[in-house]
>>> print(open('my_file_25.cif').read())   # mmCIF, C-alpha atoms
data_data
#
loop_
_atom_site.label_atom_id
_atom_site.label_comp_id
_atom_site.auth_asym_id
_atom_site.auth_seq_id
_atom_site.Cartn_x
_atom_site.Cartn_y
_atom_site.Cartn_z
CA GLN A 1 0.00 0.00 0.00
CA SER A 2 1.39 3.41 -0.95
CA ALA A 3 1.24 6.23 1.56
CA LEU A 4 -1.40 8.89 1.21
CA THR A 5 -0.08 11.95 -0.64
CA GLN A 6 0.50 15.16 1.27
CA PRO A 7 2.43 18.26 0.21
CA ALA A 8 5.89 18.21 1.71
CA SER A 9 5.53 21.71 3.06
CA VAL A 10 3.13 24.60 3.40
CA SER A 11 3.55 28.02 4.92
CA GLY A 12 1.37 30.80 6.18
CA SER A 13 1.48 34.05 8.10
CA PRO A 14 0.22 34.52 11.64
CA GLY A 15 -3.50 35.13 11.71
CA HIS A 16 -4.05 33.70 8.25
CA SER A 17 -5.44 30.31 7.26
CA ILE A 18 -3.89 27.35 5.49
CA THR A 19 -5.16 24.06 4.16
CA ILE A 20 -3.22 20.81 3.98
CA SER A 21 -4.42 18.22 1.52
CA CYS A 22 -4.23 14.45 1.80
CA THR A 23 -4.93 12.49 -1.36
CA GLY A 24 -5.69 8.81 -1.58
CA SER A 25 -8.03 6.63 -3.57
CA SER A 26 -11.46 5.04 -3.52
CA SER A 27 -9.91 2.21 -1.47
CA ASP A 28 -9.18 4.50 1.42
CA ILE A 29 -10.16 8.15 1.74
CA GLY A 30 -12.79 8.05 -0.97
CA GLY A 31 -14.48 4.94 0.33
CA TYR A 32 -14.68 5.59 4.04
CA ASP A 33 -15.19 8.44 6.48
CA TYR A 34 -12.25 7.40 8.65
CA VAL A 35 -9.67 10.11 8.16
CA SER A 36 -7.62 11.34 11.11
CA TRP A 37 -5.13 14.17 11.39
CA TYR A 38 -2.19 14.46 13.79
CA GLN A 39 0.07 17.31 14.77
CA HIS A 40 3.67 16.44 15.60
CA HIS A 41 6.20 18.79 17.10
CA PRO A 42 9.73 17.34 16.85
CA GLY A 43 10.72 15.51 20.00
CA LYS A 44 7.20 15.46 21.34
CA ALA A 45 4.29 13.06 21.29
CA PRO A 46 2.03 13.33 18.24
CA LYS A 47 -1.40 14.78 18.99
CA LEU A 48 -4.75 13.78 17.52
CA LEU A 49 -6.44 16.82 15.97
CA ILE A 50 -9.27 15.35 13.91
CA TYR A 51 -10.94 11.95 13.68
CA GLU A 52 -13.58 10.57 11.35
CA VAL A 53 -12.93 13.36 8.83
CA SER A 54 -14.20 16.33 10.79
CA ASN A 55 -14.51 15.57 14.50
CA ARG A 56 -12.33 17.27 17.05
CA PRO A 57 -11.36 15.54 20.30
CA SER A 58 -12.09 17.39 23.48
CA GLY A 59 -9.49 20.08 24.08
CA VAL A 60 -8.49 20.61 20.46
CA SER A 61 -8.88 24.19 19.29
CA SER A 62 -11.75 25.01 16.94
CA ARG A 63 -9.13 26.63 14.70
CA PHE A 64 -8.50 23.12 13.39
CA SER A 65 -11.10 21.68 11.04
CA GLY A 66 -11.28 18.75 8.68
CA SER A 67 -13.20 17.93 5.54
CA LYS A 68 -13.24 15.49 2.66
CA SER A 69 -14.17 15.56 -1.01
CA HIS A 70 -13.96 12.40 -3.06
CA ASN A 71 -10.47 10.96 -2.60
CA THR A 72 -8.96 14.00 -0.90
CA ALA A 73 -9.15 15.01 2.74
CA SER A 74 -8.18 18.43 4.00
CA LEU A 75 -7.06 19.97 7.26
CA THR A 76 -7.64 23.69 7.63
CA ILE A 77 -5.96 25.75 10.31
CA SER A 78 -7.38 29.21 10.79
CA GLY A 79 -5.89 32.09 12.75
CA LEU A 80 -2.39 30.67 12.40
CA GLN A 81 -0.22 30.93 15.49
CA ALA A 82 3.50 30.42 15.91
CA GLU A 83 2.90 27.26 17.93
CA ASP A 84 1.11 25.70 14.97
CA GLU A 85 4.48 25.28 13.29
CA ALA A 86 4.84 21.49 13.24
CA HIS A 87 4.48 18.44 11.04
CA TYR A 88 0.98 17.24 10.20
CA TYR A 89 0.00 13.72 9.21
CA CYS A 90 -3.21 12.28 7.85
CA THR A 91 -4.31 8.67 8.17
CA SER A 92 -7.17 6.74 6.65
CA PHE A 93 -8.89 3.41 6.83
CA THR A 94 -7.86 1.21 3.93
CA ARG A 95 -9.01 -2.21 2.81
CA GLY A 96 -6.72 -4.97 3.96
CA THR A 97 -5.66 -6.52 7.22
CA THR A 98 -3.70 -3.54 8.43
CA ASN A 99 -6.65 -1.22 7.70
CA LEU A 100 -4.60 1.92 8.39
CA ILE A 101 -2.51 4.00 6.03
CA PHE A 102 -0.45 7.12 6.82
CA GLY A 103 0.24 10.17 4.76
CA GLY A 104 3.82 11.22 4.17
CA GLY A 105 3.52 14.28 6.38
CA THR A 106 3.50 18.03 5.78
CA LYS A 107 5.77 20.55 7.45
CA LEU A 108 3.93 23.75 8.31
CA THR A 109 5.99 26.91 8.63
CA VAL A 110 4.36 29.91 10.27
CA GLU B 1 -4.59 11.62 32.91
CA VAL B 2 -3.45 9.14 30.30
CA GLN B 3 0.32 8.65 30.15
CA LEU B 4 2.41 6.40 27.97
CA LEU B 5 6.09 6.04 28.82
CA GLU B 6 8.37 4.20 26.41
CA SER B 7 11.72 2.78 27.38
CA GLY B 8 14.31 0.34 26.13
CA GLY B 9 15.77 2.20 23.19
CA GLY B 10 19.49 2.26 22.57
CA VAL B 11 22.32 1.65 20.14
CA VAL B 12 22.74 -1.85 18.73
CA GLN B 13 24.61 -3.43 15.85
CA PRO B 14 22.90 -4.90 12.80
CA GLY B 15 21.55 -8.36 13.52
CA GLU B 16 21.16 -7.75 17.24
CA SER B 17 17.98 -7.66 19.29
CA LEU B 18 16.24 -5.13 21.51
CA THR B 19 13.00 -5.01 23.48
CA LEU B 20 10.98 -1.86 23.93
CA SER B 21 8.46 -1.29 26.70
CA CYS B 22 5.59 1.13 27.06
CA ALA B 23 4.14 1.65 30.53
CA ALA B 24 0.55 2.88 30.50
CA TYR B 25 -1.24 4.93 33.14
CA GLY B 26 -4.60 6.55 33.62
CA PHE B 27 -6.94 4.29 31.65
CA ASP B 28 -8.28 0.74 31.55
CA PHE B 29 -5.31 -0.67 29.63
CA SER B 30 -6.78 -4.09 28.81
CA ASN B 31 -9.74 -2.59 26.95
CA TYR B 32 -7.71 -0.78 24.33
CA ALA B 33 -5.69 -1.99 21.39
CA MET B 34 -2.20 -0.54 21.32
CA SER B 35 0.23 0.11 18.50
CA TRP B 36 3.84 0.90 17.84
CA VAL B 37 4.54 3.63 15.31
CA ARG B 38 8.03 4.71 14.30
CA GLN B 39 9.72 7.67 12.66
CA ALA B 40 13.04 7.22 10.92
CA PRO B 41 15.37 10.24 10.78
CA GLY B 42 14.01 12.77 8.32
CA LYS B 43 11.04 10.58 7.47
CA GLY B 44 7.35 10.49 8.31
CA LEU B 45 5.42 8.32 10.70
CA GLU B 46 5.25 4.61 9.90
CA TRP B 47 2.85 2.20 11.53
CA VAL B 48 4.74 -0.87 12.83
CA SER B 49 2.45 -3.20 14.75
CA VAL B 50 -0.78 -3.51 16.71
CA VAL B 51 -2.10 -5.77 19.45
CA SER B 52 -5.71 -6.09 20.57
CA GLY B 53 -6.74 -5.26 24.12
CA SER B 54 -6.80 -8.93 25.10
CA GLY B 55 -3.46 -9.58 23.43
CA SER B 56 -4.94 -12.37 21.33
CA ALA B 57 -4.73 -10.59 17.98
CA THR B 58 -1.66 -8.99 16.47
CA HIS B 59 -0.60 -7.59 13.12
CA TYR B 60 2.62 -6.26 11.64
CA ALA B 61 3.83 -4.06 8.84
CA ASP B 62 5.47 -6.02 6.03
CA SER B 63 8.79 -4.33 6.82
CA VAL B 64 8.99 -5.96 10.28
CA GLN B 65 6.94 -9.14 9.82
CA GLY B 66 8.87 -12.13 11.13
CA ARG B 67 11.43 -10.01 12.97
CA PHE B 68 9.34 -8.06 15.50
CA THR B 69 6.89 -9.39 18.08
CA ILE B 70 4.34 -7.22 19.83
CA SER B 71 2.86 -8.30 23.16
CA ARG B 72 1.30 -6.92 26.27
CA ASP B 73 1.00 -7.75 29.95
CA ASN B 74 -2.35 -6.41 31.10
CA SER B 75 -1.52 -7.22 34.71
CA LYS B 76 1.39 -4.77 34.45
CA ASN B 77 -0.28 -2.27 32.10
CA THR B 78 2.70 -2.61 29.79
CA LEU B 79 3.13 -2.98 26.05
CA TYR B 80 6.22 -4.57 24.52
CA LEU B 81 7.98 -4.79 21.19
CA GLN B 82 10.63 -7.45 20.79
CA MET B 83 12.87 -6.63 17.86
CA HIS B 84 15.23 -9.21 16.34
CA SER B 85 17.57 -9.19 13.37
CA LEU B 86 17.67 -5.43 13.50
CA ARG B 87 18.70 -3.58 10.37
CA VAL B 88 20.19 -0.15 9.81
CA GLU B 89 16.87 0.90 8.30
CA ASP B 90 15.11 0.14 11.61
CA THR B 91 16.81 3.18 13.11
CA ALA B 92 13.95 5.36 14.33
CA VAL B 93 12.11 6.87 17.23
CA PHE B 94 9.50 4.36 18.31
CA TYR B 95 6.22 5.59 19.75
CA CYS B 96 3.52 3.61 21.49
CA ALA B 97 -0.01 4.79 20.82
CA LYS B 98 -3.41 4.10 22.38
CA GLU B 99 -6.49 3.75 20.20
CA ARG B 100 -9.30 6.19 20.84
CA VAL B 101 -12.06 3.57 20.88
CA LEU B 102 -12.35 0.50 23.13
CA ASP B 103 -11.42 -2.72 21.35
CA TYR B 104 -10.74 -5.85 23.36
CA ASP B 105 -10.66 -8.45 20.60
CA SER B 106 -9.40 -6.56 17.57
CA TRP B 107 -8.18 -3.11 16.61
CA SER B 108 -9.56 0.01 15.02
CA ALA B 109 -6.61 2.35 14.62
CA TYR B 110 -8.42 4.07 11.77
CA LEU B 111 -10.66 5.65 14.40
CA GLY B 112 -7.65 7.51 15.77
CA TYR B 113 -4.92 7.29 18.37
CA ASP B 114 -5.80 9.67 21.18
CA SER B 115 -2.65 9.25 23.26
CA TRP B 116 0.99 8.80 22.32
CA GLY B 117 4.20 8.45 24.24
CA GLN B 118 7.21 10.70 23.82
CA GLY B 119 9.11 8.01 21.99
CA THR B 120 12.31 6.02 22.48
CA LEU B 121 15.21 6.12 20.03
CA VAL B 122 16.56 2.95 18.49
CA THR B 123 19.81 3.27 16.58
CA VAL B 124 21.11 0.36 14.55
CA SER B 125 24.67 0.96 13.46
CA SER B 126 27.90 -0.91 13.03
#
>>> encode(input="my_file_25.cif", output="structure tokens")
Amino acid sequence: QSALTQPASVSGSPGHSITISCTGSSSDIGGYDYVSWYQHHPGKAPKLLIYEVSNRPSGVSSRFSGSKSHNTASLTISGLQAEDEAHYYCTSFTRGTTNLIFGGGTKLTV
Amino acid sequence: EVQLLESGGGVVQPGESLTLSCAAYGFDFSNYAMSWVRQAPGKGLEWVSVVSGSGSATHYADSVQGRFTISRDNSKNTLYLQMHSLRVEDTAVFYCAKERVLDYDSWSAYLGYDSWGQGTLVTVSS
């Protein structure tokens, strides 16, 4: 299984919004509403931001939102803050025993 | 508060073995499937292995199948990863992760990992 496709890097200015895409296929993103997004600061534990495409766990800022259209999922971060600078990863359900596939990760520079 | 604390990382030579541990606190450990996820230097996250809450079901990435063994001791709230025949390409930070949804007999990582450890570094080098 190939990884989901994410842009290697994106950048944005404080206060602005950015969107990170995550592209798969009908066997994963397009076929199921099981996309998650994680934020990862180097040297720290990854953090779940979004699950099941658009749901935020308790405690996650409403500045983070998720959506999906066909085979592409998106993470939007509004009101960019310096602390948002991190790597972001998407995952999706995929057919097969493993049933989980990761994106390659996107480095966000604020 | 949920806490996951990995340990056991270190420097080993190719072909050697190492066992990682992940001590879990703050939740009903036996009711949740647990995974190991790794990040090689300069690379993204890679799922490695999963074990069901009961410990009866396991699964591995192709890259580690036959070399790594995941297990858990629910009486000690601890997850393990035994790694044999280590290769240079196994060099990575290894994270343990807790699934968001209860799953005693299987796993559902696609529903999200809501807690992760800080990671433990494994370096395989001659």
>>> interface_residues(input="my_file_25.cif", of="chain A", to="chain B", cutoff="8 Å", atoms="all atoms listed in the file", output="PyMOL selection string")
chain A and resi 34-36+43-48+51-52+89+91-93+97-105
>>> resolve_selection(input="my_file_25.cif", expression="the PyMOL selection byres ((chain A and resi 73) around 6)", output="list in words")
Ser21, Cys22, Ser67, Lys68, Thr72 and Ser74 of chain A
>>> resolve_selection(input="my_file_25.cif", expression="the PyMOL selection byres ((chain B and resi 26) around 8)", output="PyMOL selection string")
chain B and resi 1-3+24-25+27-28
>>> atom_distance(input="my_file_25.cif", atom1="atom CA of Ser61 of chain A", atom2="atom CA of Ser13 of chain A")
18.2 Å
>>> atom_distance(input="my_file_25.cif", atom1="atom CA of Ser126 of chain B", atom2="atom CA of Thr91 of chain B")
11.8 Å
>>> resolve_selection(input="my_file_25.cif", expression="the PyMOL selection byres ((chain B and resi 87) around 12)", output="list in words")
Val11, Val12, Gln13, Pro14, Gly15, Glu16, Ser17, Leu18, Ser63, Val64, Arg67, Phe68, Met83, His84, Ser85, Leu86, Val88, Glu89, Asp90, Thr91, Ala92, Val122, Thr123, Val124, Ser125 and Ser126 of chain B
>>> write_last_selection(input="my_file_25.cif", atoms="C-alpha atoms", output="short mmCIF file (atom, residue, chain, number, x, y, z; two decimals), in the coordinates of the input")
data_model
loop_
_atom_site.label_atom_id
_atom_site.label_comp_id
_atom_site.auth_asym_id
_atom_site.auth_seq_id
_atom_site.Cartn_x
_atom_site.Cartn_y
_atom_site.Cartn_z
CA VAL B 11 22.32 1.65 20.14
CA VAL B 12 22.74 -1.85 18.73
CA GLN B 13 24.61 -3.43 15.85
CA PRO B 14 22.90 -4.90 12.80
CA GLY B 15 21.55 -8.36 13.52
CA GLU B 16 21.16 -7.75 17.24
CA SER B 17 17.98 -7.66 19.29
CA LEU B 18 16.24 -5.13 21.51
CA SER B 63 8.79 -4.33 6.82
CA VAL B 64 8.99 -5.96 10.28
CA ARG B 67 11.43 -10.01 12.97
CA PHE B 68 9.34 -8.06 15.50
CA MET B 83 12.87 -6.63 17.86
CA HIS B 84 15.23 -9.21 16.34
CA SER B 85 17.57 -9.19 13.37
CA LEU B 86 17.67 -5.43 13.50
CA VAL B 88 20.19 -0.15 9.81
CA GLU B 89 16.87 0.90 8.30
CA ASP B 90 15.11 0.14 11.61
CA THR B 91 16.81 3.18 13.11
CA ALA B 92 13.95 5.36 14.33
CA VAL B 122 16.56 2.95 18.49
CA THR B 123 19.81 3.27 16.58
CA VAL B 124 21.11 0.36 14.55
CA SER B 125 24.67 0.96 13.46
CA SER B 126 27.90 -0.91 13.03
#
>>> residues_around(input="my_file_25.cif", residues="Phe94 of chain B", least_positions_apart="5", cutoff="7 Å", atoms="only C-alpha atoms", output="PyMOL selection string")
chain B and resi 36-39+119-121
>>> atom_distance(input="my_file_25.cif", atom1="atom CA of Tyr32 of chain A", atom2="atom CA of Ser69 of chain A")
11.2 Å
>>> axis_aligned_box(input="my_file_25.cif", around="segment 18-23 of chain B", padding_each_side="6 Å", output="JSON")
{"center_x": 10.2, "center_y": -1.7, "center_z": 26.0, "size_x": 24.1, "size_y": 18.8, "size_z": 21.0}
>>> residues_near_point(input="my_file_25.cif", point="(-4.9, 30.2, 13.1)", cutoff="9 Å", atoms="all atoms listed in the file", output="JSON, numbers by chain")
{"A": [13, 14, 15, 16, 17, 18, 63, 64, 76, 77, 78, 79, 80, 81, 82, 84]}
